[in-house]
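File shown: query-v2.cif (mmCIF, C-alpha atoms).
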data_protein
loop_
_atom_site.group_PDB
_atom_site.id
_atom_site.type_symbol
_atom_site.label_atom_id
_atom_site.label_comp_id
_atom_site.auth_asym_id
_atom_site.auth_seq_id
_atom_site.Cartn_x
_atom_site.Cartn_y
_atom_site.Cartn_z
ATOM 1 C CA MET A 1 0.000 0.000 0.000
ATOM 2 C CA ASP A 2 1.451 3.323 -0.978
ATOM 3 C CA LYS A 3 2.047 6.002 1.596
ATOM 4 C CA HIS A 4 1.392 9.529 0.541
ATOM 5 C CA ASP A 5 1.066 12.944 2.095
ATOM 6 C CA GLY A 6 -1.288 15.701 1.257
ATOM 7 C CA ARG A 7 -4.991 16.251 1.200
ATOM 8 C CA ASP A 8 -6.029 12.635 0.518
ATOM 9 C CA ALA A 9 -3.606 11.037 2.989
ATOM 10 C CA GLY A 10 -6.415 9.632 5.152
ATOM 11 C CA THR A 11 -8.563 8.167 2.395
ATOM 12 C CA ILE A 12 -8.911 4.448 1.837
ATOM 13 C CA ARG A 13 -7.971 3.046 -1.538
ATOM 14 C CA LEU A 14 -10.818 0.983 -2.901
ATOM 15 C CA ASP A 15 -8.377 -1.606 -4.218
ATOM 16 C CA ASP A 16 -7.017 -2.138 -0.706
ATOM 17 C CA PRO A 17 -7.456 -5.822 0.242
ATOM 18 C CA TRP A 18 -7.844 -4.917 3.921
ATOM 19 C CA TYR A 19 -10.802 -2.680 3.106
ATOM 20 C CA ASP A 20 -14.058 -4.554 3.533
ATOM 21 C CA ALA A 21 -16.828 -2.816 1.627
ATOM 22 C CA LEU A 22 -19.501 -4.864 3.403
ATOM 23 C CA ALA A 23 -18.313 -3.562 6.747
ATOM 24 C CA VAL A 24 -19.531 -0.086 5.784
ATOM 25 C CA GLY A 25 -22.796 -1.247 4.256
ATOM 26 C CA TRP A 26 -21.863 -1.345 0.581
ATOM 27 C CA GLY A 27 -23.056 -4.294 -1.387
ATOM 28 C CA GLU A 28 -25.568 -5.443 1.186
ATOM 29 C CA GLY A 29 -28.764 -6.731 -0.354
ATOM 30 C CA GLU A 30 -27.320 -6.830 -3.846
ATOM 31 C CA GLU A 31 -27.898 -10.012 -5.727
ATOM 32 C CA THR A 32 -25.004 -11.406 -7.685
ATOM 33 C CA ALA A 33 -25.427 -13.666 -10.634
ATOM 34 C CA PRO A 34 -23.769 -17.084 -10.572
ATOM 35 C CA PRO A 35 -20.552 -17.272 -12.548
ATOM 36 C CA PRO A 36 -21.074 -17.925 -16.247
ATOM 37 C CA PRO A 37 -20.095 -21.376 -17.504
ATOM 38 C CA ALA A 38 -16.542 -21.699 -18.690
ATOM 39 C CA SER A 39 -15.649 -23.516 -21.835
ATOM 40 C CA GLY A 40 -16.590 -27.173 -21.549
ATOM 41 C CA GLY A 41 -19.890 -26.497 -19.764
ATOM 42 C CA ARG A 42 -18.409 -26.370 -16.250
ATOM 43 C CA PRO A 43 -19.004 -23.228 -14.188
ATOM 44 C CA ALA A 44 -16.063 -20.866 -13.878
ATOM 45 C CA PRO A 45 -14.195 -21.107 -10.582
ATOM 46 C CA GLY A 46 -15.787 -18.895 -7.946
ATOM 47 C CA ALA A 47 -14.455 -16.980 -4.982
ATOM 48 C CA SER A 48 -14.949 -20.013 -2.762
ATOM 49 C CA ASP A 49 -12.602 -21.995 -5.010
ATOM 50 C CA ILE A 50 -9.962 -19.302 -4.624
ATOM 51 C CA TYR A 51 -10.281 -19.351 -0.838
ATOM 52 C CA LEU A 52 -10.130 -23.155 -0.730
ATOM 53 C CA GLU A 53 -7.012 -23.075 -2.885
ATOM 54 C CA VAL A 54 -5.404 -20.536 -0.554
ATOM 55 C CA GLN A 55 -6.448 -22.553 2.506
ATOM 56 C CA ARG A 56 -4.685 -25.605 1.087
ATOM 57 C CA SER A 57 -1.550 -23.632 0.215
ATOM 58 C CA ALA A 58 1.700 -24.108 2.093
ATOM 59 C CA ALA A 59 1.871 -20.377 2.907
ATOM 60 C CA PHE A 60 -1.522 -20.425 4.638
ATOM 61 C CA GLN A 61 -0.641 -23.569 6.563
ATOM 62 C CA GLU A 62 2.588 -21.918 7.693
ATOM 63 C CA VAL A 63 0.707 -18.847 8.980
ATOM 64 C CA ARG A 64 -1.706 -21.083 10.895
ATOM 65 C CA SER A 65 1.171 -23.158 12.247
ATOM 66 C CA ARG A 66 3.004 -20.058 13.494
ATOM 67 C CA TYR A 67 -0.211 -18.894 15.153
ATOM 68 C CA ARG A 68 -0.738 -22.227 16.917
ATOM 69 C CA ARG A 69 2.910 -22.508 17.980
ATOM 70 C CA PHE A 70 2.502 -19.268 19.912
ATOM 71 C CA VAL A 71 -1.102 -19.382 21.108
ATOM 72 C CA VAL A 72 -1.311 -22.946 22.439
ATOM 73 C CA PRO A 73 1.692 -22.757 24.808
ATOM 74 C CA ALA A 74 0.869 -19.167 25.813
ATOM 75 C CA THR A 75 -2.728 -20.087 26.652
ATOM 76 C CA ALA A 76 -1.676 -23.189 28.563
ATOM 77 C CA GLY A 77 0.967 -21.264 30.519
ATOM 78 C CA PHE A 78 -1.388 -18.427 31.378
ATOM 79 C CA PHE A 79 -4.149 -20.837 32.408
ATOM 80 C CA LEU A 80 -1.756 -22.782 34.666
ATOM 81 C CA TRP A 81 -0.545 -19.540 36.239
ATOM 82 C CA TYR A 82 -4.145 -18.469 36.903
ATOM 83 C CA VAL A 83 -5.132 -21.872 38.370
ATOM 84 C CA ALA A 84 -1.999 -21.864 40.562
ATOM 85 C CA TYR A 85 -3.017 -18.468 41.933
ATOM 86 C CA VAL A 86 -6.574 -19.619 42.698
ATOM 87 C CA VAL A 87 -5.415 -22.909 44.246
ATOM 88 C CA ALA A 88 -2.806 -21.157 46.364
ATOM 89 C CA ALA A 89 -5.379 -18.623 47.531
ATOM 90 C CA THR A 90 -7.754 -21.371 48.672
ATOM 91 C CA ALA A 91 -5.363 -24.141 49.736
ATOM 92 C CA ALA A 92 -2.589 -22.089 51.333
ATOM 93 C CA PRO A 93 -4.127 -19.029 52.970
ATOM 94 C CA GLY A 94 -1.222 -18.794 55.392
ATOM 95 C CA LEU A 95 1.266 -18.501 52.537
ATOM 96 C CA MET A 96 -0.852 -15.945 50.707
ATOM 97 C CA ALA A 97 -1.308 -13.864 53.884
ATOM 98 C CA ARG A 98 2.431 -13.701 54.568
ATOM 99 C CA PRO A 99 3.477 -10.036 54.617
ATOM 100 C CA VAL A 100 6.131 -8.933 52.141
ATOM 101 C CA ALA A 101 6.421 -5.212 52.835
ATOM 102 C CA GLY A 102 4.093 -3.380 55.184
ATOM 103 C CA ALA A 103 0.484 -4.098 54.229
ATOM 104 C CA VAL A 104 1.536 -5.800 50.991
ATOM 105 C CA ASN A 105 1.317 -9.586 51.194
ATOM 106 C CA VAL A 106 2.026 -12.493 48.827
ATOM 107 C CA ALA A 107 -1.610 -12.585 47.618
ATOM 108 C CA MET A 108 -1.490 -8.936 46.563
ATOM 109 C CA LEU A 109 1.760 -9.438 44.686
ATOM 110 C CA ALA A 110 0.406 -12.552 42.965
ATOM 111 C CA GLY A 111 -2.793 -10.681 42.039
ATOM 112 C CA LEU A 112 -0.787 -7.808 40.579
ATOM 113 C CA GLY A 113 1.327 -10.419 38.813
ATOM 114 C CA GLN A 114 -1.851 -11.645 37.111
ATOM 115 C CA PHE A 115 -2.420 -8.175 35.659
ATOM 116 C CA LEU A 116 1.223 -7.795 34.698
ATOM 117 C CA SER A 117 1.304 -11.192 32.990
ATOM 118 C CA THR A 118 -1.861 -10.298 31.037
ATOM 119 C CA PHE A 119 -0.252 -7.143 29.681
ATOM 120 C CA LEU A 120 3.017 -8.933 28.922
ATOM 121 C CA LEU A 121 1.197 -11.726 27.108
ATOM 122 C CA THR A 122 -0.791 -9.201 25.079
ATOM 123 C CA TRP A 123 2.405 -7.392 24.118
ATOM 124 C CA ALA A 124 4.129 -10.672 23.223
ATOM 125 C CA TYR A 125 1.170 -11.764 21.085
ATOM 126 C CA ALA A 126 1.073 -8.452 19.202
ATOM 127 C CA ARG A 127 4.836 -8.583 18.651
ATOM 128 C CA HIS A 128 4.695 -12.187 17.464
ATOM 129 C CA ALA A 129 1.854 -11.384 15.075
ATOM 130 C CA ARG A 130 3.676 -8.349 13.693
ATOM 131 C CA LEU A 131 7.006 -10.116 13.215
ATOM 132 C CA ARG A 132 5.955 -13.652 12.251
ATOM 133 C CA ARG A 133 2.472 -13.594 10.718
ATOM 134 C CA ASP A 134 1.214 -10.228 9.509
ATOM 135 C CA ARG A 135 3.400 -9.939 6.414
ATOM 136 C CA ALA A 136 2.644 -13.494 5.272
ATOM 137 C CA ALA A 137 -1.082 -13.013 5.948
ATOM 138 C CA LEU A 138 -1.085 -9.755 3.981
ATOM 139 C CA ASP A 139 0.687 -11.473 1.088
ATOM 140 C CA LEU A 140 -2.013 -14.137 1.107
ATOM 141 C CA ARG A 141 -4.708 -11.471 1.204
ATOM 142 C CA TRP A 142 -3.174 -9.691 -1.783
ATOM 143 C CA THR A 143 -2.988 -12.994 -3.650
ATOM 144 C CA VAL A 144 -6.685 -13.647 -3.076
ATOM 145 C CA PHE A 145 -7.541 -10.066 -3.990
ATOM 146 C CA GLU A 146 -5.619 -10.269 -7.261
ATOM 147 C CA GLN A 147 -7.158 -13.633 -8.156
ATOM 148 C CA GLU A 148 -10.656 -12.291 -7.495
ATOM 149 C CA ARG A 149 -9.931 -9.165 -9.536
ATOM 150 C CA ASP A 150 -8.641 -11.284 -12.435
ATOM 151 C CA GLN A 151 -11.742 -13.443 -12.178
ATOM 152 C CA VAL A 152 -14.026 -10.393 -12.395
ATOM 153 C CA ARG A 153 -12.085 -9.083 -15.406
ATOM 154 C CA ASN A 154 -12.343 -12.461 -17.156
ATOM 155 C CA ARG A 155 -16.086 -12.600 -16.541
ATOM 156 C CA ALA A 156 -16.483 -9.069 -17.892
ATOM 157 C CA ARG A 157 -14.476 -10.011 -20.984
ATOM 158 C CA GLU A 158 -16.561 -13.145 -21.537
ATOM 159 C CA ALA A 159 -19.807 -11.220 -21.040
ATOM 160 C CA GLY A 160 -18.673 -8.615 -23.574
ATOM 161 C CA ARG A 161 -18.171 -11.194 -26.320
#
As C-alpha cells, how would this structure be written, given the file I've shared?
Amino acid sequence: MDKHDGRDAGTIRLDDPWYDALAVGWGEGEETAPPPPASGGRPAPGASDIYLEVQRSAAFQEVRSRYRRFVVPATAGFFLWYVAYVVAATAAPGLMARPVAGAVNVAMLAGLGQFLSTFLLTWAYARHARLRRDRAALDLRWTVFEQERDQVRNRAREAGR
C-alpha cells in the first residue's frame, strides 16, 4: 500500500485488500449472478474456489502453524498460572497472607502479577503477530484479492463477447 502525504492522505484506496466494503454497508442486499459457464460447460471457478485453494496452500498452513505454535503454549501457561493463583489462595491461605512489605502480602503481589502477565502476554502476542504472521497473511490477502480481480475481469471479458 502506498504512503502519501497531502490532502487525501487519510482516504482508503478501494483496491485495498484490507478494506471490507460490506463492513460499511456497501453491497448489502445486492444479488449477484452465478458465474457464467466456462468452456466445456463447467461453471467458472468462484471466490470459494480461490479461498479453498489458498487454505490448502503451504503459505496459509505456515501462517496457521506459526499462530498455533505461539497461542497454544501461551494459553496453557497463562491458564496454569491463573489456576496456581486460585489454588494457592484457597489451599494455602497462610502462605498468601504472609506479609512482604508493610500491608503488601504475597496474595497482593500474585494478584498484581496476574495483571502484569496479562499485559506482557498481550504485548508478546502483538509482537509475534507483527514479526511472524502479519506480512505473510497480507501477502495471502493480496494474492486472493488479485485472483478475485482477475476473475471479475475475465467474466467481464466473456460477457462482452
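Among A:Arg161, A:Arg66, A:Arg149, A:Arg98, the residue with the shortest atom-to-atom distance to A:Leu131, counting all atoms listed in the file, is A:Arg66.
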- Hey, can you check how far atom CA of A:Arg153 sits from atom CA of A:Asp139?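 These two atoms are separated by 21.0 Å.
Across the model, the gap from atom CA of A:Ala110 to atom CA of A:Ala84 is 9.9 Å.
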- Message: Give me the residues near A:His128 as a ChimeraX atom specification, where near means some atom within 10 Å (using only C-alpha atoms) and where sequence neighbours in that chain fewer than 4 positions away do not count.
- Response: /A:66-67,70-71,122-124,132-134
- Message: Which residues would end up in the selection if the PyMOL selection byres ((chain A and resi 96) around 12) were applied here, given that I need the answer as a PyMOL selection string?
- Response: chain A and resi 84-95+97-100+104-111
Residues just named, written with C-alpha atoms as an mmCIF file, in the frame of the given file:
data_model
loop_
_atom_site.group_PDB
_atom_site.id
_atom_site.type_symbol
_atom_site.label_atom_id
_atom_site.label_comp_id
_atom_site.auth_asym_id
_atom_site.auth_seq_id
_atom_site.Cartn_x
_atom_site.Cartn_y
_atom_site.Cartn_z
ATOM 1 C CA ALA A 84 -1.999 -21.864 40.562
ATOM 2 C CA TYR A 85 -3.017 -18.468 41.933
ATOM 3 C CA VAL A 86 -6.574 -19.619 42.698
ATOM 4 C CA VAL A 87 -5.415 -22.909 44.246
ATOM 5 C CA ALA A 88 -2.806 -21.157 46.364
ATOM 6 C CA ALA A 89 -5.379 -18.623 47.531
ATOM 7 C CA THR A 90 -7.754 -21.371 48.672
ATOM 8 C CA ALA A 91 -5.363 -24.141 49.736
ATOM 9 C CA ALA A 92 -2.589 -22.089 51.333
ATOM 10 C CA PRO A 93 -4.127 -19.029 52.970
ATOM 11 C CA GLY A 94 -1.222 -18.794 55.392
ATOM 12 C CA LEU A 95 1.266 -18.501 52.537
ATOM 13 C CA ALA A 97 -1.308 -13.864 53.884
ATOM 14 C CA ARG A 98 2.431 -13.701 54.568
ATOM 15 C CA PRO A 99 3.477 -10.036 54.617
ATOM 16 C CA VAL A 100 6.131 -8.933 52.141
ATOM 17 C CA VAL A 104 1.536 -5.800 50.991
ATOM 18 C CA ASN A 105 1.317 -9.586 51.194
ATOM 19 C CA VAL A 106 2.026 -12.493 48.827
ATOM 20 C CA ALA A 107 -1.610 -12.585 47.618
ATOM 21 C CA MET A 108 -1.490 -8.936 46.563
ATOM 22 C CA LEU A 109 1.760 -9.438 44.686
ATOM 23 C CA ALA A 110 0.406 -12.552 42.965
ATOM 24 C CA GLY A 111 -2.793 -10.681 42.039
#
